[in-house]
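File shown here: protein_0.cif, holding mmCIF, C-alpha atoms.
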```
data_run
#
loop_
_atom_site.label_atom_id
_atom_site.label_comp_id
_atom_site.auth_asym_id
_atom_site.auth_seq_id
_atom_site.Cartn_x
_atom_site.Cartn_y
_atom_site.Cartn_z
CA MET A 1156 -21.92 -58.36 -22.18
CA GLN A 1157 -21.40 -61.38 -24.45
CA ILE A 1158 -20.01 -59.13 -27.21
CA LEU A 1159 -17.49 -57.64 -24.79
CA LYS A 1160 -16.45 -61.11 -23.67
CA ASN A 1161 -15.97 -62.19 -27.30
CA LEU A 1162 -13.84 -59.13 -28.02
CA GLN A 1163 -11.71 -59.80 -24.97
CA TYR A 1164 -11.28 -63.47 -25.97
CA THR A 1165 -10.17 -62.51 -29.50
CA TYR A 1166 -7.77 -59.85 -28.18
CA VAL A 1167 -6.09 -62.37 -25.88
CA ASN A 1168 -5.96 -65.23 -28.40
CA ASP A 1169 -5.55 -63.40 -31.74
CA LYS A 1170 -4.18 -59.94 -30.96
CA ALA A 1171 -2.77 -59.39 -34.47
CA ARG A 1172 -6.22 -59.82 -35.97
CA MET A 1173 -7.70 -57.25 -33.58
CA ILE A 1174 -4.96 -54.71 -34.39
CA GLU A 1175 -5.41 -55.23 -38.12
CA TYR A 1176 -9.17 -54.72 -37.77
CA ALA A 1177 -8.68 -51.54 -35.72
CA GLU A 1178 -6.22 -50.13 -38.28
CA ASN A 1179 -8.59 -50.87 -41.18
CA LEU A 1180 -11.51 -49.35 -39.33
CA THR A 1181 -9.55 -46.19 -38.53
CA LYS A 1182 -8.43 -45.90 -42.15
CA GLY A 1183 -11.99 -46.38 -43.38
CA VAL A 1184 -13.40 -43.70 -41.09
CA SER A 1185 -10.63 -41.25 -42.07
CA ASN A 1186 -11.20 -41.83 -45.80
CA TYR A 1187 -14.97 -41.51 -45.38
CA GLU A 1188 -14.59 -38.01 -43.95
CA LEU A 1189 -12.29 -36.78 -46.71
CA ILE A 1190 -13.82 -34.13 -48.97
CA GLU A 1191 -12.55 -34.01 -52.52
CA VAL A 1192 -11.59 -30.49 -53.57
CA LYS A 1193 -13.10 -29.56 -56.92
CA SER A 1194 -10.63 -27.90 -59.27
CA ASP A 1195 -13.19 -26.99 -61.94
CA GLU A 1196 -14.19 -23.34 -61.99
CA VAL A 1197 -17.89 -22.87 -61.24
CA LYS A 1198 -19.60 -19.85 -62.73
CA PHE A 1199 -22.04 -18.28 -60.26
CA GLU A 1200 -25.11 -16.68 -61.78
CA ARG A 1201 -27.81 -14.68 -60.04
CA GLU A 1202 -30.40 -16.27 -62.33
CA LYS A 1203 -29.99 -19.51 -60.37
CA LEU A 1204 -31.10 -17.72 -57.18
CA ASP A 1205 -34.00 -16.10 -59.00
CA GLU A 1206 -35.13 -19.51 -60.25
CA MET A 1207 -34.95 -20.92 -56.73
CA LEU A 1208 -37.11 -18.07 -55.39
CA VAL A 1209 -39.84 -18.76 -57.97
CA ASN A 1210 -40.77 -22.02 -56.24
CA TRP A 1211 -39.90 -20.82 -52.75
CA ARG A 1212 -42.34 -17.90 -52.93
CA ARG A 1213 -45.23 -20.30 -53.41
CA SER A 1214 -44.73 -21.58 -49.87
CA PHE A 1215 -44.68 -18.12 -48.21
CA ASP A 1216 -47.43 -17.56 -45.62
CA SER A 1217 -48.44 -14.00 -46.49
CA VAL A 1218 -50.55 -13.59 -43.33
CA ARG A 1219 -48.50 -15.15 -40.54
CA GLY A 1220 -45.02 -15.30 -42.01
CA GLY A 1221 -42.87 -18.36 -42.40
CA ASN A 1222 -43.98 -21.22 -44.62
CA ASN A 1223 -47.66 -21.97 -45.19
CA ARG A 1224 -47.76 -25.18 -43.21
CA ALA A 1225 -47.42 -26.61 -39.71
CA PRO A 1226 -45.31 -27.24 -37.78
CA LYS A 1227 -43.30 -24.06 -38.26
CA PHE A 1228 -39.58 -23.87 -37.56
CA PRO A 1229 -37.71 -20.55 -37.20
CA MET A 1230 -35.18 -21.52 -39.91
CA PRO A 1231 -32.78 -18.61 -39.22
CA ASN A 1232 -30.42 -19.49 -42.09
CA ASN A 1233 -33.30 -19.29 -44.55
CA TYR A 1234 -34.36 -15.84 -43.43
CA GLU A 1235 -30.83 -14.52 -43.32
CA PHE A 1236 -30.45 -15.64 -46.93
CA LEU A 1237 -33.79 -14.10 -47.93
CA MET A 1238 -32.87 -10.83 -46.22
CA GLN A 1239 -29.53 -10.73 -48.06
CA TYR A 1240 -31.21 -11.65 -51.36
CA ALA A 1241 -33.86 -8.95 -50.97
CA TRP A 1242 -31.25 -6.36 -50.03
CA HIS A 1243 -29.02 -7.01 -53.04
CA THR A 1244 -31.84 -7.40 -55.56
CA GLY A 1245 -34.20 -4.73 -54.26
CA ASP A 1246 -37.00 -7.29 -53.95
CA THR A 1247 -39.40 -5.56 -51.55
CA ALA A 1248 -41.87 -8.47 -51.52
CA VAL A 1249 -39.23 -10.85 -50.17
CA MET A 1250 -38.01 -8.29 -47.64
CA ASN A 1251 -41.58 -7.69 -46.46
CA HIS A 1252 -41.96 -11.44 -45.98
CA VAL A 1253 -38.81 -11.53 -43.86
CA ASP A 1254 -40.03 -8.68 -41.65
CA LEU A 1255 -43.51 -10.21 -41.36
CA THR A 1256 -41.95 -13.50 -40.25
CA LEU A 1257 -39.58 -11.91 -37.72
CA GLN A 1258 -42.40 -9.86 -36.18
CA LYS A 1259 -44.86 -12.78 -36.00
CA MET A 1260 -42.23 -15.01 -34.39
CA ALA A 1261 -41.33 -12.32 -31.85
CA PHE A 1262 -45.02 -11.83 -31.00
CA GLY A 1263 -45.84 -15.54 -30.91
CA GLY A 1264 -45.79 -18.15 -28.20
CA ILE A 1265 -42.69 -19.65 -29.80
CA TYR A 1266 -40.81 -16.71 -28.26
CA ASP A 1267 -40.54 -16.60 -24.46
CA GLN A 1268 -42.18 -13.24 -23.77
CA ILE A 1269 -40.89 -13.14 -20.19
CA ARG A 1270 -37.32 -14.49 -20.25
CA GLY A 1271 -36.39 -14.24 -23.91
CA GLY A 1272 -35.24 -16.99 -26.25
CA PHE A 1273 -37.07 -19.01 -28.89
CA CYS A 1274 -38.46 -22.51 -28.59
CA ARG A 1275 -37.48 -25.04 -31.23
CA TYR A 1276 -40.65 -24.83 -33.32
CA SER A 1277 -44.36 -24.07 -33.30
CA VAL A 1278 -46.72 -27.03 -33.57
CA ASP A 1279 -49.32 -24.86 -35.35
CA SER A 1280 -49.19 -22.40 -38.25
CA LEU A 1281 -49.75 -19.38 -35.97
CA TRP A 1282 -46.42 -19.44 -34.06
CA ARG A 1283 -48.74 -19.76 -31.04
CA VAL A 1284 -48.13 -23.15 -29.41
CA PRO A 1285 -44.45 -24.13 -29.24
CA HIS A 1286 -42.68 -27.36 -28.60
CA PHE A 1287 -41.23 -26.00 -25.41
CA GLU A 1288 -37.58 -27.05 -25.71
CA LYS A 1289 -35.05 -24.30 -26.40
CA MET A 1290 -31.99 -25.01 -28.54
CA LEU A 1291 -28.69 -23.14 -28.25
CA TYR A 1292 -27.90 -23.30 -31.97
CA ASP A 1293 -31.30 -21.89 -32.96
CA ASN A 1294 -31.06 -18.97 -30.59
CA ALA A 1295 -27.48 -18.12 -31.53
CA GLN A 1296 -28.47 -17.87 -35.18
CA LEU A 1297 -31.67 -15.95 -34.41
CA ILE A 1298 -29.69 -13.37 -32.44
CA SER A 1299 -27.65 -12.84 -35.60
CA VAL A 1300 -30.70 -12.56 -37.87
CA TYR A 1301 -32.57 -10.14 -35.61
CA SER A 1302 -29.39 -8.07 -35.11
CA LYS A 1303 -28.99 -7.64 -38.86
CA ALA A 1304 -32.69 -6.87 -39.24
CA TYR A 1305 -32.38 -4.19 -36.55
CA GLN A 1306 -29.29 -2.77 -38.26
CA ARG A 1307 -31.39 -2.46 -41.42
CA THR A 1308 -34.67 -1.15 -39.94
CA LYS A 1309 -33.94 0.19 -36.44
CA ASN A 1310 -37.16 -1.57 -35.39
CA PRO A 1311 -37.11 -1.51 -31.54
CA LEU A 1312 -38.86 -4.89 -31.42
CA TYR A 1313 -35.86 -6.54 -33.06
CA LYS A 1314 -33.46 -4.92 -30.60
CA GLN A 1315 -35.64 -6.05 -27.68
CA VAL A 1316 -35.59 -9.64 -28.95
CA VAL A 1317 -31.79 -9.59 -29.31
CA MET A 1318 -31.12 -8.11 -25.86
CA ASN A 1319 -33.61 -10.34 -24.04
CA THR A 1320 -32.34 -13.49 -25.75
CA ILE A 1321 -28.73 -12.66 -24.91
CA GLN A 1322 -29.71 -12.07 -21.28
CA TRP A 1323 -31.50 -15.42 -21.23
CA LEU A 1324 -28.43 -17.18 -22.64
CA TYR A 1325 -26.21 -15.71 -19.93
CA ALA A 1326 -28.73 -16.45 -17.17
CA GLU A 1327 -29.83 -19.98 -18.07
CA MET A 1328 -27.54 -21.53 -20.68
CA ALA A 1329 -24.04 -20.47 -19.59
CA ASN A 1330 -22.37 -23.15 -17.44
CA GLY A 1331 -20.13 -20.70 -15.58
CA GLN A 1332 -16.94 -22.19 -17.02
CA GLY A 1333 -16.88 -20.52 -20.42
CA GLY A 1334 -19.24 -22.94 -22.11
CA TYR A 1335 -22.95 -23.17 -22.84
CA TYR A 1336 -25.48 -25.95 -22.51
CA SER A 1337 -26.92 -27.11 -25.83
CA ALA A 1338 -30.62 -27.28 -24.96
CA LEU A 1339 -33.40 -27.03 -22.40
CA ASP A 1340 -35.80 -29.96 -22.24
CA ALA A 1341 -39.45 -29.43 -23.19
CA ASP A 1342 -40.57 -31.31 -20.07
CA THR A 1343 -40.26 -30.18 -16.47
CA GLU A 1344 -41.11 -32.70 -13.75
CA GLY A 1345 -42.81 -34.85 -16.39
CA GLU A 1346 -45.01 -32.02 -17.65
CA GLU A 1347 -44.49 -30.36 -21.03
CA GLY A 1348 -44.05 -26.60 -20.87
CA LYS A 1349 -44.75 -26.41 -17.15
CA PHE A 1350 -42.85 -23.12 -16.65
CA TYR A 1351 -44.19 -21.51 -19.84
CA VAL A 1352 -47.98 -21.77 -19.41
CA TRP A 1353 -50.29 -19.96 -17.01
CA SER A 1354 -53.77 -20.35 -15.63
CA GLU A 1355 -55.89 -17.22 -15.35
CA THR A 1356 -55.99 -17.65 -11.57
CA GLU A 1357 -52.19 -17.73 -11.40
CA LEU A 1358 -51.87 -14.57 -13.46
CA LYS A 1359 -54.51 -12.69 -11.48
CA THR A 1360 -52.85 -13.67 -8.21
CA ILE A 1361 -49.36 -12.70 -9.38
CA LEU A 1362 -50.18 -9.54 -11.31
CA GLU A 1363 -53.05 -8.15 -9.22
CA ASP A 1364 -53.81 -4.65 -10.59
CA ASP A 1365 -51.61 -5.19 -13.64
CA PHE A 1366 -53.71 -8.11 -14.87
CA GLU A 1367 -56.02 -5.91 -16.97
CA PHE A 1368 -53.01 -4.37 -18.71
CA ALA A 1369 -51.51 -7.83 -19.26
CA LYS A 1370 -54.75 -9.04 -20.87
CA ASN A 1371 -54.19 -6.75 -23.83
CA TYR A 1372 -50.39 -6.81 -23.82
CA TYR A 1373 -50.15 -10.63 -23.78
CA LYS A 1374 -53.37 -11.45 -25.64
CA LEU A 1375 -55.04 -13.18 -22.68
CA GLN A 1376 -58.38 -14.04 -24.29
CA PRO A 1377 -60.42 -17.23 -23.67
CA ASP A 1378 -60.16 -18.33 -27.32
CA GLU A 1379 -56.37 -18.14 -27.08
CA MET A 1380 -56.12 -20.77 -24.33
CA TRP A 1381 -54.18 -23.97 -24.90
CA GLU A 1382 -55.27 -26.98 -22.83
CA GLY A 1383 -56.82 -24.67 -20.23
CA HIS A 1384 -53.77 -22.41 -19.93
CA TYR A 1385 -52.39 -19.26 -21.50
CA ILE A 1386 -49.18 -19.15 -23.51
CA LEU A 1387 -48.04 -15.54 -23.38
CA GLN A 1388 -47.99 -13.94 -26.83
CA ARG A 1389 -48.58 -10.54 -28.38
CA SER A 1390 -50.57 -9.00 -31.20
CA MET A 1391 -49.94 -5.27 -30.64
CA THR A 1392 -46.80 -3.15 -30.73
CA ASP A 1393 -45.74 -1.06 -27.73
CA THR A 1394 -46.83 2.03 -29.68
CA ALA A 1395 -50.34 0.63 -30.17
CA ILE A 1396 -50.59 -0.35 -26.49
CA ALA A 1397 -49.38 3.12 -25.49
CA SER A 1398 -52.15 4.68 -27.55
CA LEU A 1399 -54.75 2.33 -26.06
CA TYR A 1400 -53.84 3.20 -22.47
CA ASN A 1401 -52.77 6.81 -23.07
CA LEU A 1402 -49.22 6.02 -21.96
CA SER A 1403 -45.82 6.75 -23.42
CA VAL A 1404 -43.94 3.94 -25.14
CA GLU A 1405 -41.39 4.10 -22.31
CA GLU A 1406 -44.14 3.63 -19.73
CA VAL A 1407 -45.47 0.63 -21.61
CA GLY A 1408 -41.99 -0.90 -21.65
CA TYR A 1409 -41.63 -0.30 -17.92
CA LYS A 1410 -44.98 -1.96 -17.14
CA ALA A 1411 -44.02 -4.94 -19.28
CA GLU A 1412 -40.73 -5.25 -17.36
CA VAL A 1413 -42.61 -5.16 -14.05
CA ILE A 1414 -44.98 -7.89 -15.24
CA GLY A 1415 -42.04 -9.95 -16.44
CA GLY A 1416 -40.32 -9.58 -13.08
CA ASP A 1417 -43.46 -10.69 -11.26
CA CYS A 1418 -43.85 -13.75 -13.48
#
```
Target encoding structure tokens, full file:
Amino acid sequence: MQILKNLQYTYVNDKARMIEYAENLTKGVSNYELIEVKSDEVKFEREKLDEMLVNWRRSFDSVRGGNNRAPKFPMPNNYEFLMQYAWHTGDTAVMNHVDLTLQKMAFGGIYDQIRGGFCRYSVDSLWRVPHFEKMLYDNAQLISVYSKAYQRTKNPLYKQVVMNTIQWLYAEMANGQGGYYSALDADTEGEEGKFYVWSETELKTILEDDFEFAKNYYKLQPDEMWEGHYILQRSMTDTAIASLYNLSVEEVGYKAEVIGGDC
């Protein structure tokens, strides 16, 4: 309040000084944001990318995808670059790393298995326990990455991720006036991840006869609990689940949709 009073006093008693200061400040901000255009021709060489990948490869997690550390962020720009690099150079090892990462993220707790959409990052190296906030910019870029990966592989998992995430954006992030909210908070009613974690009792009550199917589909095992609750995740493809239960892949998808609707 005292600062505001001082500004008001100066404006009334020395208006010219205030105007001069405002003009200088505006000029300074404008000049600060100017970007100098380089006129020198820059020669682009693929060898520079190859050199960059030498060090980058050392950080690849060859078991779980992503980088070999925690926390793990989705980093969609990185994996779009790696996918493009692998495509143009024929580097199958890099492309396999991209696909491993995309599958592990889609199967992990970082991805909302019920509503779609990715959380901001995983606090562990397994993509299992997310920080439960969801960011608009992350999900927009991940839709692009998974779309291009589906275009390349026709992997139905990638298509499912894209469609479910788009549906989530329309349902929960659109403001109804042509815009989108930028994020969902990690906390609900003062509790982190309240709408994303489940007790076994809750799941048994909600799913009834489908609970046994959900145990395998969503990896509901005691050693997978986080703070006494389950974070829904997956370890098996729909094809593998179909074989386990002697169902068609379409039937597995239908049962998963029913479970999602119940939850």
query = Within 12 Å of range 1407-1416 of chain A, counting all atoms listed in the file, which residues qualify if same-chain residues fewer than 2 places away don't, as a VMD selection string?
reply = chain A and resid 1267 to 1271 1311 to 1312 1315 1319 1358 to 1359 1361 to 1373 1387 1389 1391 to 1405 1418
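One finds CA of Arg1275 in chain A at 12.0 Å from CA of Ser1337 in chain A.
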task = Would you mind listing what lies within 10 Å of range 1277-1291 of chain A as a PyMOL selection string, with all atoms listed in the file counted and same-chain residues fewer than 5 positions away left out?
result = chain A and resi 1216+1218-1229+1256+1259-1267+1272+1296-1297+1324+1328+1335-1343+1347-1352+1379-1381+1385-1389
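Taking all atoms listed in the file into account, Phe1273 in chain A lies nearest to A:Pro1231 out of the set A:Gly1183, A:Pro1377, A:Pro1231, A:Gly1245.
One distance worth recording is that between CA of Tyr1301 in chain A and CA of Asp1254 in chain A, which is 9.7 Å.
When CA of Met1250 in chain A is paired with CA of Val1317 in chain A, their separation reads 19.4 Å.
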request  = Mind checking which residues fall within 12 Å of Val1300 in chain A, counting all atoms listed in the file, ignoring those fewer than 5 positions away in the same chain, and posting them as a ChimeraX atom specification?
outcome  = /A:1229-1239,1253-1254,1256-1257,1293-1295,1305-1307,1313-1314,1316-1317
